[in-house]
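Pasted below: upload32.cif, mmCIF, C-alpha atoms.
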data_final
#
loop_
_atom_site.group_PDB
_atom_site.id
_atom_site.type_symbol
_atom_site.label_atom_id
_atom_site.label_comp_id
_atom_site.auth_asym_id
_atom_site.auth_seq_id
_atom_site.Cartn_x
_atom_site.Cartn_y
_atom_site.Cartn_z
ATOM 1 C CA CYS T 1 1.050 -14.767 -24.434
ATOM 2 C CA ILE T 2 -2.480 -13.726 -25.406
ATOM 3 C CA ARG T 3 -3.155 -10.538 -23.449
ATOM 4 C CA ASP T 4 -6.555 -10.325 -21.725
ATOM 5 C CA SER T 5 -7.820 -13.498 -23.351
ATOM 6 C CA ARG T 6 -9.528 -14.363 -20.061
ATOM 7 C CA PHE T 7 -11.736 -11.243 -20.292
ATOM 8 C CA THR T 8 -12.776 -11.915 -23.875
ATOM 9 C CA CYS T 9 -13.619 -15.512 -23.160
ATOM 10 C CA PHE T 10 -15.454 -14.763 -19.945
ATOM 11 C CA LYS T 11 -17.700 -12.254 -21.677
ATOM 12 C CA ARG T 12 -18.446 -14.756 -24.409
ATOM 13 C CA ILE T 13 -19.399 -17.402 -21.861
ATOM 14 C CA THR T 14 -21.588 -15.202 -19.685
ATOM 15 C CA ARG T 15 -23.330 -13.178 -22.401
ATOM 16 C CA ASN T 16 -24.035 -15.859 -24.977
ATOM 17 C CA HIS T 17 -25.730 -18.669 -23.099
ATOM 18 C CA GLY T 18 -27.074 -20.107 -26.301
ATOM 19 C CA ARG T 19 -23.719 -21.193 -27.660
ATOM 20 C CA LYS T 20 -22.921 -24.848 -27.810
ATOM 21 C CA ARG T 21 -21.158 -26.372 -24.805
ATOM 22 C CA ARG T 22 -18.284 -27.481 -26.997
ATOM 23 C CA SER T 23 -17.488 -23.912 -28.012
ATOM 24 C CA ARG T 24 -17.566 -22.767 -24.400
ATOM 25 C CA TRP T 25 -15.121 -25.363 -23.210
ATOM 26 C CA LEU T 26 -12.835 -24.711 -26.171
ATOM 27 C CA CYS T 27 -12.735 -21.035 -25.217
ATOM 28 C CA LEU T 28 -11.899 -21.960 -21.635
ATOM 29 C CA LEU T 29 -9.092 -24.274 -22.700
ATOM 30 C CA ILE T 30 -7.560 -21.576 -24.890
ATOM 31 C CA MET T 31 -7.836 -19.061 -22.077
ATOM 32 C CA VAL T 32 -6.202 -21.307 -19.465
ATOM 33 C CA ALA T 33 -3.405 -22.325 -21.824
ATOM 34 C CA ALA T 34 -2.650 -18.691 -22.637
ATOM 35 C CA LEU T 35 -2.583 -17.700 -18.981
ATOM 36 C CA ASN T 36 -0.406 -20.602 -17.910
ATOM 37 C CA SER T 37 2.210 -19.639 -20.472
ATOM 38 C CA CYS T 38 2.547 -16.132 -18.980
ATOM 39 C CA VAL T 39 1.866 -16.459 -15.278
ATOM 40 C CA SER T 40 3.797 -17.904 -12.356
ATOM 41 C CA ILE T 41 1.967 -18.458 -9.078
ATOM 42 C CA PRO T 42 3.774 -18.630 -5.717
ATOM 43 C CA GLU T 43 2.636 -21.394 -3.417
ATOM 44 C CA GLU T 44 2.823 -19.235 -0.282
ATOM 45 C CA ASN T 45 1.176 -15.940 0.639
ATOM 46 C CA TRP T 46 3.830 -13.329 -0.062
ATOM 47 C CA ILE T 47 3.700 -9.636 0.778
ATOM 48 C CA ILE T 48 6.129 -7.129 -0.711
ATOM 49 C CA SER T 49 6.480 -4.198 1.708
ATOM 50 C CA HIS T 50 8.120 -0.796 1.252
ATOM 51 C CA ARG T 51 8.749 1.349 4.328
ATOM 52 C CA THR T 52 11.666 3.674 3.499
ATOM 53 C CA PRO T 53 13.409 4.677 0.244
ATOM 54 C CA HIS T 54 16.035 2.048 1.006
ATOM 55 C CA MET T 55 13.914 -0.745 2.481
ATOM 56 C CA THR T 56 11.709 -3.072 0.457
ATOM 57 C CA THR T 57 11.162 -6.541 1.870
ATOM 58 C CA MET T 58 9.308 -9.666 0.828
ATOM 59 C CA GLN T 59 7.944 -12.097 3.389
ATOM 60 C CA VAL T 60 5.304 -14.765 3.855
ATOM 61 C CA THR T 61 2.490 -13.321 5.984
ATOM 62 C CA ASP T 62 -0.615 -15.502 5.994
ATOM 63 C CA CYS T 63 -3.705 -14.067 7.705
ATOM 64 C CA ALA T 64 -4.524 -17.494 9.119
ATOM 65 C CA VAL T 65 -1.233 -17.415 11.028
ATOM 66 C CA VAL T 66 -1.472 -13.876 12.416
ATOM 67 C CA ALA T 67 -5.203 -14.077 13.153
ATOM 68 C CA PRO T 68 -4.726 -13.854 16.949
ATOM 69 C CA GLU T 69 -3.144 -10.422 16.477
ATOM 70 C CA LEU T 70 -6.308 -9.218 14.742
ATOM 71 C CA ALA T 71 -8.216 -9.905 17.957
ATOM 72 C CA SER T 72 -5.857 -7.796 20.089
ATOM 73 C CA MET T 73 -7.611 -4.778 21.607
ATOM 74 C CA MET T 74 -4.367 -2.849 22.018
ATOM 75 C CA LEU T 75 -1.778 -1.924 19.409
ATOM 76 C CA PRO T 76 1.702 -3.474 19.539
ATOM 77 C CA ASN T 77 4.674 -1.573 20.905
ATOM 78 C CA LEU T 78 5.804 0.825 18.161
ATOM 79 C CA SER T 79 8.891 2.237 19.867
ATOM 80 C CA GLN T 80 11.350 0.375 17.645
ATOM 81 C CA GLU T 81 9.959 2.047 14.514
ATOM 82 C CA SER T 82 9.152 5.483 15.890
ATOM 83 C CA SER T 83 12.627 6.845 15.181
ATOM 84 C CA ALA T 84 12.408 5.868 11.507
ATOM 85 C CA HIS T 85 8.783 6.937 11.072
ATOM 86 C CA ALA T 86 8.092 10.000 13.205
ATOM 87 C CA THR T 87 4.448 10.191 12.133
ATOM 88 C CA LEU T 88 3.729 6.571 12.998
ATOM 89 C CA ALA T 89 3.389 7.190 16.730
ATOM 90 C CA HIS T 90 0.664 9.763 16.080
ATOM 91 C CA GLY T 91 -1.226 7.617 13.620
ATOM 92 C CA LEU T 92 -4.053 8.693 11.378
ATOM 93 C CA ASN T 93 -5.782 11.933 12.301
ATOM 94 C CA ALA T 94 -8.919 10.953 14.224
ATOM 95 C CA ASN T 95 -10.552 14.224 13.167
ATOM 96 C CA GLY T 96 -10.304 13.428 9.457
ATOM 97 C CA PHE T 97 -8.427 11.196 7.030
ATOM 98 C CA SER T 98 -8.990 10.351 3.360
ATOM 99 C CA PHE T 99 -9.465 6.922 1.800
ATOM 100 C CA THR T 100 -9.546 5.908 -1.884
ATOM 101 C CA THR T 101 -10.115 2.626 -3.711
ATOM 102 C CA TRP T 102 -9.379 1.975 -7.397
ATOM 103 C CA ASN T 103 -9.131 -1.016 -9.700
ATOM 104 C CA MET T 104 -6.392 0.416 -11.916
ATOM 105 C CA LYS T 105 -6.686 -2.239 -14.651
ATOM 106 C CA LYS T 106 -2.980 -3.061 -14.483
ATOM 107 C CA GLY T 107 -1.910 0.480 -15.344
ATOM 108 C CA LYS T 108 -2.072 -0.309 -19.044
ATOM 109 C CA ALA T 109 -3.838 2.799 -20.326
ATOM 110 C CA ASP T 110 -1.936 5.923 -21.320
ATOM 111 C CA GLY T 111 -2.174 8.572 -18.612
ATOM 112 C CA TRP T 112 -2.943 6.203 -15.727
ATOM 113 C CA ASP T 113 0.018 7.590 -13.789
ATOM 114 C CA ALA T 114 -1.384 11.130 -13.873
ATOM 115 C CA ASP T 115 -4.707 9.856 -12.513
ATOM 116 C CA PHE T 116 -2.900 7.860 -9.855
ATOM 117 C CA GLU T 117 -0.743 10.814 -8.788
ATOM 118 C CA MET T 118 -3.890 12.914 -8.361
ATOM 119 C CA LEU T 119 -5.490 10.224 -6.196
ATOM 120 C CA CYS T 120 -2.354 9.807 -4.087
ATOM 121 C CA ARG T 121 -2.087 13.521 -3.383
ATOM 122 C CA ASN T 122 -5.579 13.485 -1.904
ATOM 123 C CA SER T 123 -5.416 10.202 0.028
ATOM 124 C CA ASP T 124 -4.039 9.171 3.398
ATOM 125 C CA ILE T 125 -4.804 5.559 2.466
ATOM 126 C CA ILE T 126 -5.268 4.293 -1.087
ATOM 127 C CA ILE T 127 -6.025 0.704 -2.062
ATOM 128 C CA LEU T 128 -5.553 -0.723 -5.546
ATOM 129 C CA GLN T 129 -6.813 -3.840 -7.278
ATOM 130 C CA GLU T 130 -5.160 -5.250 -10.414
ATOM 131 C CA ALA T 131 -1.918 -3.538 -9.410
ATOM 132 C CA TYR T 132 1.140 -4.512 -11.444
ATOM 133 C CA LEU T 133 4.343 -3.669 -9.583
ATOM 134 C CA THR T 134 6.129 -2.091 -12.536
ATOM 135 C CA ASP T 135 9.018 0.331 -12.203
ATOM 136 C CA ASN T 136 6.614 3.103 -13.197
ATOM 137 C CA LEU T 137 4.187 2.289 -10.378
ATOM 138 C CA LYS T 138 7.017 2.098 -7.842
ATOM 139 C CA GLU T 139 8.338 5.428 -9.073
ATOM 140 C CA VAL T 140 4.988 7.172 -8.562
ATOM 141 C CA LEU T 141 4.597 5.656 -5.094
ATOM 142 C CA GLY T 142 8.088 6.860 -4.221
ATOM 143 C CA GLN T 143 7.452 10.357 -5.520
ATOM 144 C CA GLN T 144 4.351 10.588 -3.324
ATOM 145 C CA LYS T 145 6.380 9.334 -0.328
ATOM 146 C CA LEU T 146 3.907 6.539 0.352
ATOM 147 C CA GLN T 147 4.574 3.352 2.243
ATOM 148 C CA TRP T 148 2.991 0.351 0.604
ATOM 149 C CA ASP T 149 2.302 -3.372 0.690
ATOM 150 C CA LEU T 150 1.500 -5.618 -2.273
ATOM 151 C CA SER T 151 -0.081 -9.026 -1.887
ATOM 152 C CA ALA T 152 1.821 -10.943 -4.567
ATOM 153 C CA ALA T 153 -0.948 -13.153 -5.957
ATOM 154 C CA TYR T 154 1.026 -14.052 -9.085
ATOM 155 C CA ALA T 155 3.717 -12.787 -11.427
ATOM 156 C CA TYR T 156 2.877 -11.844 -15.003
ATOM 157 C CA GLN T 157 5.928 -11.799 -17.264
ATOM 158 C CA ASN T 158 8.074 -11.580 -14.092
ATOM 159 C CA ILE T 159 6.111 -8.593 -12.713
ATOM 160 C CA GLU T 160 4.354 -9.195 -9.379
ATOM 161 C CA ALA T 161 0.641 -8.477 -9.402
ATOM 162 C CA GLY T 162 -2.181 -8.390 -6.885
ATOM 163 C CA VAL T 163 -3.815 -5.905 -4.536
ATOM 164 C CA LEU T 164 -1.764 -3.025 -3.163
ATOM 165 C CA THR T 165 -2.389 -0.768 -0.162
ATOM 166 C CA ALA T 166 -0.431 2.473 0.204
ATOM 167 C CA SER T 167 -0.528 5.042 2.987
ATOM 168 C CA LYS T 168 1.184 8.075 4.447
ATOM 169 C CA ILE T 169 1.942 6.178 7.652
ATOM 170 C CA ALA T 170 3.123 2.620 8.159
ATOM 171 C CA PRO T 171 0.711 -0.120 9.207
ATOM 172 C CA ASN T 172 1.485 -2.053 12.364
ATOM 173 C CA LEU T 173 0.018 -5.273 10.998
ATOM 174 C CA THR T 174 -0.202 -6.736 7.494
ATOM 175 C CA CYS T 175 -1.394 -10.102 6.261
ATOM 176 C CA THR T 176 -2.850 -11.639 3.142
ATOM 177 C CA LEU T 177 -4.739 -14.606 1.833
ATOM 178 C CA LYS T 178 -5.464 -15.681 -1.717
ATOM 179 C CA ILE T 179 -7.914 -18.015 -3.406
ATOM 180 C CA LYS T 180 -7.537 -19.406 -6.914
ATOM 181 C CA GLU T 181 -10.152 -18.742 -9.543
ATOM 182 C CA PRO T 182 -11.941 -22.042 -10.265
ATOM 183 C CA LEU T 183 -11.605 -21.695 -14.045
ATOM 184 C CA THR T 184 -8.324 -19.902 -14.694
ATOM 185 C CA ARG T 185 -6.546 -21.042 -11.485
ATOM 186 C CA ILE T 186 -5.143 -17.503 -11.217
ATOM 187 C CA PRO T 187 -5.449 -16.301 -7.590
ATOM 188 C CA LYS T 188 -7.439 -13.368 -6.299
ATOM 189 C CA SER T 189 -5.879 -11.889 -3.185
ATOM 190 C CA MET T 190 -7.044 -9.980 -0.137
ATOM 191 C CA LEU T 191 -4.743 -7.742 1.895
ATOM 192 C CA ILE T 192 -5.413 -6.673 5.478
ATOM 193 C CA THR T 193 -3.539 -3.769 7.073
ATOM 194 C CA ARG T 194 -3.988 -2.096 10.448
ATOM 195 C CA TYR T 195 -3.121 1.519 11.305
ATOM 196 C CA PRO T 196 -2.916 3.474 14.553
ATOM 197 C CA ILE T 197 -5.349 6.377 14.986
ATOM 198 C CA SER T 198 -4.340 9.350 17.114
ATOM 199 C CA GLY T 199 -5.859 9.261 20.574
ATOM 200 C CA LEU T 200 -7.486 5.840 20.165
ATOM 201 C CA PRO T 201 -6.275 2.568 21.724
ATOM 202 C CA GLN T 202 -7.603 0.481 18.837
ATOM 203 C CA GLY T 203 -6.313 0.566 15.294
ATOM 204 C CA LEU T 204 -8.156 0.975 12.022
ATOM 205 C CA LEU T 205 -8.352 -2.276 10.088
ATOM 206 C CA VAL T 206 -8.417 -1.897 6.285
ATOM 207 C CA ALA T 207 -9.335 -4.876 4.099
ATOM 208 C CA ASN T 208 -8.432 -4.555 0.410
ATOM 209 C CA ILE T 209 -10.591 -6.997 -1.562
ATOM 210 C CA HIS T 210 -10.509 -8.377 -5.091
ATOM 211 C CA GLY T 211 -13.398 -10.784 -5.416
ATOM 212 C CA ILE T 212 -13.445 -14.109 -7.234
ATOM 213 C CA ASN T 213 -14.616 -13.458 -10.783
ATOM 214 C CA PHE T 214 -14.132 -16.237 -13.322
ATOM 215 C CA THR T 215 -16.549 -18.890 -12.163
ATOM 216 C CA LEU T 216 -19.803 -20.200 -13.547
ATOM 217 C CA GLY T 217 -21.029 -21.090 -10.062
ATOM 218 C CA TYR T 218 -21.241 -19.436 -6.677
ATOM 219 C CA LYS T 219 -19.333 -21.720 -4.292
ATOM 220 C CA ALA T 220 -15.842 -20.239 -4.734
ATOM 221 C CA PHE T 221 -17.075 -16.690 -4.227
ATOM 222 C CA GLN T 222 -18.968 -17.742 -1.105
ATOM 223 C CA ASN T 223 -15.862 -19.504 0.231
ATOM 224 C CA GLN T 224 -13.802 -16.354 -0.272
ATOM 225 C CA CYS T 225 -16.384 -14.288 1.633
ATOM 226 C CA ASP T 226 -16.548 -16.879 4.404
ATOM 227 C CA ARG T 227 -12.789 -16.770 4.933
ATOM 228 C CA LEU T 228 -12.745 -12.989 4.876
ATOM 229 C CA GLU T 229 -15.614 -12.685 7.326
ATOM 230 C CA SER T 230 -14.027 -15.129 9.773
ATOM 231 C CA LEU T 231 -10.933 -12.924 9.896
ATOM 232 C CA LEU T 232 -12.743 -9.604 10.160
ATOM 233 C CA THR T 233 -14.917 -10.909 12.999
ATOM 234 C CA MET T 234 -11.812 -10.977 15.216
ATOM 235 C CA HIS T 235 -11.204 -7.222 15.020
ATOM 236 C CA ARG T 236 -13.228 -5.184 17.518
ATOM 237 C CA GLY T 237 -12.262 -1.682 16.437
ATOM 238 C CA PRO T 238 -12.996 0.600 13.476
ATOM 239 C CA MET T 239 -12.824 -0.965 10.046
ATOM 240 C CA ILE T 240 -12.938 -0.253 6.309
ATOM 241 C CA VAL T 241 -13.723 -3.149 3.952
ATOM 242 C CA SER T 242 -13.426 -2.088 0.339
ATOM 243 C CA GLY T 243 -12.321 -2.908 -3.172
ATOM 244 C CA ASP T 244 -13.561 -4.647 -6.291
ATOM 245 C CA PHE T 245 -15.933 -7.299 -4.950
ATOM 246 C CA ASN T 246 -17.031 -8.473 -8.419
ATOM 247 C CA THR T 247 -20.656 -8.399 -7.266
ATOM 248 C CA TRP T 248 -22.026 -8.639 -10.780
ATOM 249 C CA ASN T 249 -25.084 -10.687 -9.867
ATOM 250 C CA GLN T 250 -27.638 -10.665 -7.059
ATOM 251 C CA SER T 251 -26.331 -13.789 -5.300
ATOM 252 C CA ARG T 252 -22.885 -12.257 -4.929
ATOM 253 C CA MET T 253 -24.274 -8.930 -3.773
ATOM 254 C CA SER T 254 -26.529 -10.625 -1.236
ATOM 255 C CA ARG T 255 -23.574 -12.536 0.249
ATOM 256 C CA VAL T 256 -21.534 -9.346 0.669
ATOM 257 C CA GLU T 257 -24.484 -7.489 2.180
ATOM 258 C CA ALA T 258 -25.040 -10.328 4.651
ATOM 259 C CA MET T 259 -21.403 -10.115 5.724
ATOM 260 C CA ALA T 260 -21.684 -6.356 6.123
ATOM 261 C CA GLN T 261 -24.803 -6.739 8.256
ATOM 262 C CA ARG T 262 -23.206 -9.287 10.596
ATOM 263 C CA LEU T 263 -20.073 -7.149 10.971
ATOM 264 C CA LYS T 264 -22.221 -4.038 11.528
ATOM 265 C CA LEU T 265 -20.689 -2.316 8.496
ATOM 266 C CA GLY T 266 -22.373 0.599 6.783
ATOM 267 C CA ALA T 267 -22.137 1.137 3.024
ATOM 268 C CA VAL T 268 -20.981 4.461 1.604
ATOM 269 C CA PRO T 269 -23.828 5.638 -0.671
ATOM 270 C CA PHE T 270 -22.230 7.064 -3.783
ATOM 271 C CA LYS T 271 -25.085 9.042 -5.350
ATOM 272 C CA GLU T 272 -23.144 10.589 -8.234
ATOM 273 C CA ASN T 273 -24.190 7.619 -10.401
ATOM 274 C CA VAL T 274 -20.774 7.317 -12.006
ATOM 275 C CA LYS T 275 -19.765 4.170 -10.144
ATOM 276 C CA SER T 276 -18.679 1.518 -12.616
ATOM 277 C CA LYS T 277 -21.187 -1.169 -13.565
ATOM 278 C CA PHE T 278 -20.621 -4.669 -14.930
ATOM 279 C CA PHE T 279 -23.595 -6.674 -16.201
ATOM 280 C CA GLY T 280 -25.675 -3.766 -14.935
ATOM 281 C CA ARG T 281 -24.465 -3.991 -11.318
ATOM 282 C CA TYR T 282 -21.982 -2.122 -9.152
ATOM 283 C CA VAL T 283 -18.866 -4.078 -8.202
ATOM 284 C CA ASP T 284 -16.775 -1.521 -6.259
ATOM 285 C CA HIS T 285 -17.857 -0.789 -2.695
ATOM 286 C CA VAL T 286 -16.739 0.905 0.516
ATOM 287 C CA TYR T 287 -18.032 -0.465 3.825
ATOM 288 C CA TYR T 288 -17.102 0.927 7.241
ATOM 289 C CA ARG T 289 -17.797 0.919 10.963
ATOM 290 C CA GLY T 290 -16.566 2.873 13.993
ATOM 291 C CA LEU T 291 -16.139 5.876 11.728
ATOM 292 C CA VAL T 292 -18.177 8.859 10.599
ATOM 293 C CA MET T 293 -18.341 9.637 6.890
ATOM 294 C CA ILE T 294 -17.650 13.334 6.267
ATOM 295 C CA ASN T 295 -17.989 13.352 2.472
ATOM 296 C CA LYS T 296 -17.470 11.151 -0.551
ATOM 297 C CA THR T 297 -16.880 11.447 -4.277
ATOM 298 C CA THR T 298 -16.423 9.378 -7.419
ATOM 299 C CA PHE T 299 -13.798 10.301 -9.995
ATOM 300 C CA ASN T 300 -14.597 9.814 -13.667
ATOM 301 C CA VAL T 301 -11.495 8.414 -15.404
ATOM 302 C CA THR T 302 -10.747 6.951 -18.824
ATOM 303 C CA THR T 303 -7.610 5.037 -17.783
ATOM 304 C CA SER T 304 -9.537 2.115 -16.264
ATOM 305 C CA ASP T 305 -12.920 0.487 -16.603
ATOM 306 C CA HIS T 306 -13.386 1.225 -12.880
ATOM 307 C CA ASN T 307 -13.867 4.738 -11.502
ATOM 308 C CA PRO T 308 -12.045 5.523 -8.215
ATOM 309 C CA LEU T 309 -14.126 5.991 -5.071
ATOM 310 C CA ALA T 310 -12.930 8.409 -2.377
ATOM 311 C CA VAL T 311 -14.227 9.012 1.150
ATOM 312 C CA MET T 312 -13.265 11.350 3.991
ATOM 313 C CA PHE T 313 -13.741 9.730 7.412
ATOM 314 C CA LYS T 314 -13.288 10.708 11.032
ATOM 315 C CA ALA T 315 -13.303 8.541 14.135
ATOM 316 C CA ALA T 316 -16.680 8.033 15.766
ATOM 317 C CA GLU T 317 -17.057 9.452 19.257
ATOM 318 C CA GLY T 318 -17.423 6.995 22.102
#

Take the structure in the file and write it out as structure tokens.
Amino acid sequence: CIRDSRFTCFKRITRNHGRKRRSRWLCLLIMVAALNSCVSIPEENWIISHRTPHMTTMQVTDCAVVAPELASMMLPNLSQESSAHATLAHGLNANGFSFTTWNMKKGKADGWDADFEMLCRNSDIIILQEAYLTDNLKEVLGQQKLQWDLSAAYAYQNIEAGVLTASKIAPNLTCTLKIKEPLTRIPKSMLITRYPISGLPQGLLVANIHGINFTLGYKAFQNQCDRLESLLTMHRGPMIVSGDFNTWNQSRMSRVEAMAQRLKLGAVPFKENVKSKFFGRYVDHVYYRGLVMINKTTFNVTTSDHNPLAVMFKAAEG
């Protein structure tokens, strides 16, 4: 298997427009062949969920199937789980809870686990993109006593990979959808989780996004945004939509901003100027509604090409 050949080839294609078409297609063929020899892709939308030290399950949970539950104004009955998860009935603290997003670049760099432990200690909810469910990652999640869900987009050398959402309390709804990259045919996944908030009848919906990347056009990215927006429109309560959107050109950014406007989402303005840029543009974002931002920060790390973004929120009054 040729590790990261897709990144090398993609940069060659997008940065060197003057190369001959033959060379471009040859690069693509090499990239796809290398990926296909390493990756297995499940046909259905699988979620791997971990709730207790002795309970990890794997089930098909497609957002298109559970969409009616997203429209429910009231949370489901939680009495069956309250004995196992005492904090679940209370939910997130409406007066303040912490949220972090990070593309961890597969956890390949030395020292990533120390960075991740630091983020976990300071987060009630943490979402990851490019998460590889290695024994090391599971060990850190267990040490931090976090419950988590991974949208299994594909398996790389028999290790499940995708987006992962972890939290100090269990969600009462999880679902996922995935869309294949037009060029590599490797899926990008989106994971939706919903959490109770103390004192509020509606739950907090969290959408963990990894945007379509490897495409020379715009249609696939737009289709991914369309499907996401149609799901998020159903939820009437507070919401966080975040992750690595791969908004590395103006067309992509404009589509995401249009979605945010229609959903009445505000963007967290990270002014520290250490957000990660690709092709001169920011790709990681945090959007929200029905919440009040208390503070925010950006962590400068060397273990990924993306810097983590962290926000403290509280529930909006009224």

Calculate how many Å separate CA of Ser242 (chain T) from CA of Tyr287 (chain T), rounding to one decimal.
-> 6.0 Å

Care to translate the PyMOL selection byres ((chain T and resi 248-259) around 6) into actual residues of this file, as a PyMOL selection string?
-> chain T and resi 246-247+260-262+278-279+281

So, counting all atoms listed in the file, which residue among T:Met55, T:Val268, T:Leu191, T:Leu141 is closest to Thr297 (chain T)?
->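 Ranking T:Met55, T:Val268, T:Leu191, T:Leu141 by distance to Thr297 (chain T), first place goes to T:Val268.
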
Do you know which residues are at most 8 Å from Glu44 (chain T) counting all atoms listed in the file, after dropping those on the same chain fewer than 2 positions away, and could you put them as a PyMOL selection string?
-> chain T and resi 42+46+60

Skip Val286 (chain T) itself and residues of its chain fewer than 2 positions away, then list as a PyMOL selection string all residues within 9 Å of it, counting all atoms listed in the file.
-> chain T and resi 101+240-243+266-269+284+288+309-311

Could you tell me which residues the PyMOL selection byres ((chain T and resi 166) around 8) grabs in this file, written as a PyMOL selection string?
-> chain T and resi 125-127+141+146-149+164-165+167-168

Do a neighbour search on Ser304 (chain T) at 12 Å with only C-alpha atoms, toss out local chain neighbours closer than 6 positions, and write the hits as a ChimeraX atom specification.
-> /T:102-113,115-116,128-131,276

Computed interatomic separation between CA of Lys314 (chain T) and CA of Leu231 (chain T) (Å) |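 Between CA of Lys314 (chain T) and CA of Leu231 (chain T) the gap is 23.8 Å.
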
Separation of CA of Tyr154 (chain T) from CA of Asp124 (chain T) in Å |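 One can read the CA of Asp124 (chain T) to CA of Tyr154 (chain T) distance as 26.8 Å.
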
Need the axis-aligned box for region 125-137 of chain T with 6 Å each side, so what are the centre and edges in Å to one decimal, as lines of an AutoDock Vina configuration file?
center_x = 1.1
center_y = 0.2
center_z = -5.4
size_x = 27.8
size_y = 22.8
size_z = 27.7

Judged by all atoms listed in the file, the minimum distance to Asn208 (chain T) among T:Asn223, T:Thr100, T:Pro182, T:Lys296 is found for T:Thr100

Pick out the closest residue to Thr184 (chain T) from this set: T:Leu263, T:Val66, T:Leu216, T:Ile209. Count all atoms listed in the file.
-> T:Leu216

Explicit residues for the PyMOL selection byres ((chain T and resi 195-206) around 7) (as JSON, numbers by chain) | {"T": [73, 74, 75, 90, 91, 92, 93, 94, 171, 172, 192, 193, 194, 207, 208, 237, 238, 239, 240, 241]}

Please produce a file of the residues just selected, as an mmCIF file, in the coordinates of the input, where the atoms kept are C-alpha atoms.
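Written out: again-v9.cif:
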data_model
loop_
_atom_site.group_PDB
_atom_site.id
_atom_site.type_symbol
_atom_site.label_atom_id
_atom_site.label_comp_id
_atom_site.auth_asym_id
_atom_site.auth_seq_id
_atom_site.Cartn_x
_atom_site.Cartn_y
_atom_site.Cartn_z
ATOM 1 C CA MET T 73 -7.611 -4.778 21.607
ATOM 2 C CA MET T 74 -4.367 -2.849 22.018
ATOM 3 C CA LEU T 75 -1.778 -1.924 19.409
ATOM 4 C CA HIS T 90 0.664 9.763 16.080
ATOM 5 C CA GLY T 91 -1.226 7.617 13.620
ATOM 6 C CA LEU T 92 -4.053 8.693 11.378
ATOM 7 C CA ASN T 93 -5.782 11.933 12.301
ATOM 8 C CA ALA T 94 -8.919 10.953 14.224
ATOM 9 C CA PRO T 171 0.711 -0.120 9.207
ATOM 10 C CA ASN T 172 1.485 -2.053 12.364
ATOM 11 C CA ILE T 192 -5.413 -6.673 5.478
ATOM 12 C CA THR T 193 -3.539 -3.769 7.073
ATOM 13 C CA ARG T 194 -3.988 -2.096 10.448
ATOM 14 C CA ALA T 207 -9.335 -4.876 4.099
ATOM 15 C CA ASN T 208 -8.432 -4.555 0.410
ATOM 16 C CA GLY T 237 -12.262 -1.682 16.437
ATOM 17 C CA PRO T 238 -12.996 0.600 13.476
ATOM 18 C CA MET T 239 -12.824 -0.965 10.046
ATOM 19 C CA ILE T 240 -12.938 -0.253 6.309
ATOM 20 C CA VAL T 241 -13.723 -3.149 3.952
#

Return the single residue from T:Met293, T:Asn136, T:Cys63, T:Pro187 that is closest to Arg227 (chain T), with distances computed using all atoms listed in the file.
->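 Ranking T:Met293, T:Asn136, T:Cys63, T:Pro187 by distance to Arg227 (chain T), first place goes to T:Cys63.
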
List the neighbours of Asn300 (chain T) out to 8 Å using only C-alpha atoms; skip same-chain residues closer than 5 positions along the sequence, and give me the result as a compact mmCIF listing (two decimals) with C-alpha atoms, in the coordinates of the input.
# COMPACT_ATOMS: atom_id res chain seq x y z
CA VAL T 274 -20.77 7.32 -12.01
CA ASN T 307 -13.87 4.74 -11.50
CA PRO T 308 -12.04 5.52 -8.22

Residues at most 7 Å from His210 (chain T), counting only C-alpha atoms, excluding those fewer than 3 positions away in the same chain, as an NGL selection string?
-> :T and (129 or 188-190 or 243-245)

Selected residue of minimal separation from Leu228 (chain T) among T:Met118, T:Ala67, T:Ile169, T:Val292, counting all atoms listed in the file |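 Nearest to Leu228 (chain T): T:Ala67.
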
Find, counting all atoms listed in the file, the residue in T:Gln143, T:Thr57, T:Thr298, T:Ser98 that gets nearest to Met312 (chain T).
-> T:Ser98

Restore N, CA and C atoms in region 246-253 of chain T and list the result as an mmCIF file, in the frame of the given file.
data_model
loop_
_atom_site.group_PDB
_atom_site.id
_atom_site.type_symbol
_atom_site.label_atom_id
_atom_site.label_comp_id
_atom_site.auth_asym_id
_atom_site.auth_seq_id
_atom_site.Cartn_x
_atom_site.Cartn_y
_atom_site.Cartn_z
ATOM 1 N N ASN T 246 -16.478 -7.703 -7.299
ATOM 2 C CA ASN T 246 -17.031 -8.473 -8.419
ATOM 3 C C ASN T 246 -18.440 -8.973 -8.104
ATOM 4 N N THR T 247 -19.258 -8.074 -7.579
ATOM 5 C CA THR T 247 -20.656 -8.399 -7.266
ATOM 6 C C THR T 247 -21.543 -8.129 -8.474
ATOM 7 N N TRP T 248 -21.320 -8.898 -9.539
ATOM 8 C CA TRP T 248 -22.026 -8.639 -10.780
ATOM 9 C C TRP T 248 -23.313 -9.447 -10.930
ATOM 10 N N ASN T 249 -23.742 -10.126 -9.853
ATOM 11 C CA ASN T 249 -25.084 -10.687 -9.867
ATOM 12 C C ASN T 249 -25.674 -10.593 -8.461
ATOM 13 N N GLN T 250 -26.946 -10.876 -8.328
ATOM 14 C CA GLN T 250 -27.638 -10.665 -7.059
ATOM 15 C C GLN T 250 -27.140 -11.605 -5.965
ATOM 16 N N SER T 251 -26.808 -12.843 -6.312
ATOM 17 C CA SER T 251 -26.331 -13.789 -5.300
ATOM 18 C C SER T 251 -25.047 -13.289 -4.650
ATOM 19 N N ARG T 252 -24.139 -12.782 -5.463
ATOM 20 C CA ARG T 252 -22.885 -12.257 -4.929
ATOM 21 C C ARG T 252 -23.149 -11.028 -4.049
ATOM 22 N N MET T 253 -23.989 -10.146 -4.534
ATOM 23 C CA MET T 253 -24.274 -8.930 -3.773
ATOM 24 C C MET T 253 -24.940 -9.269 -2.444
#
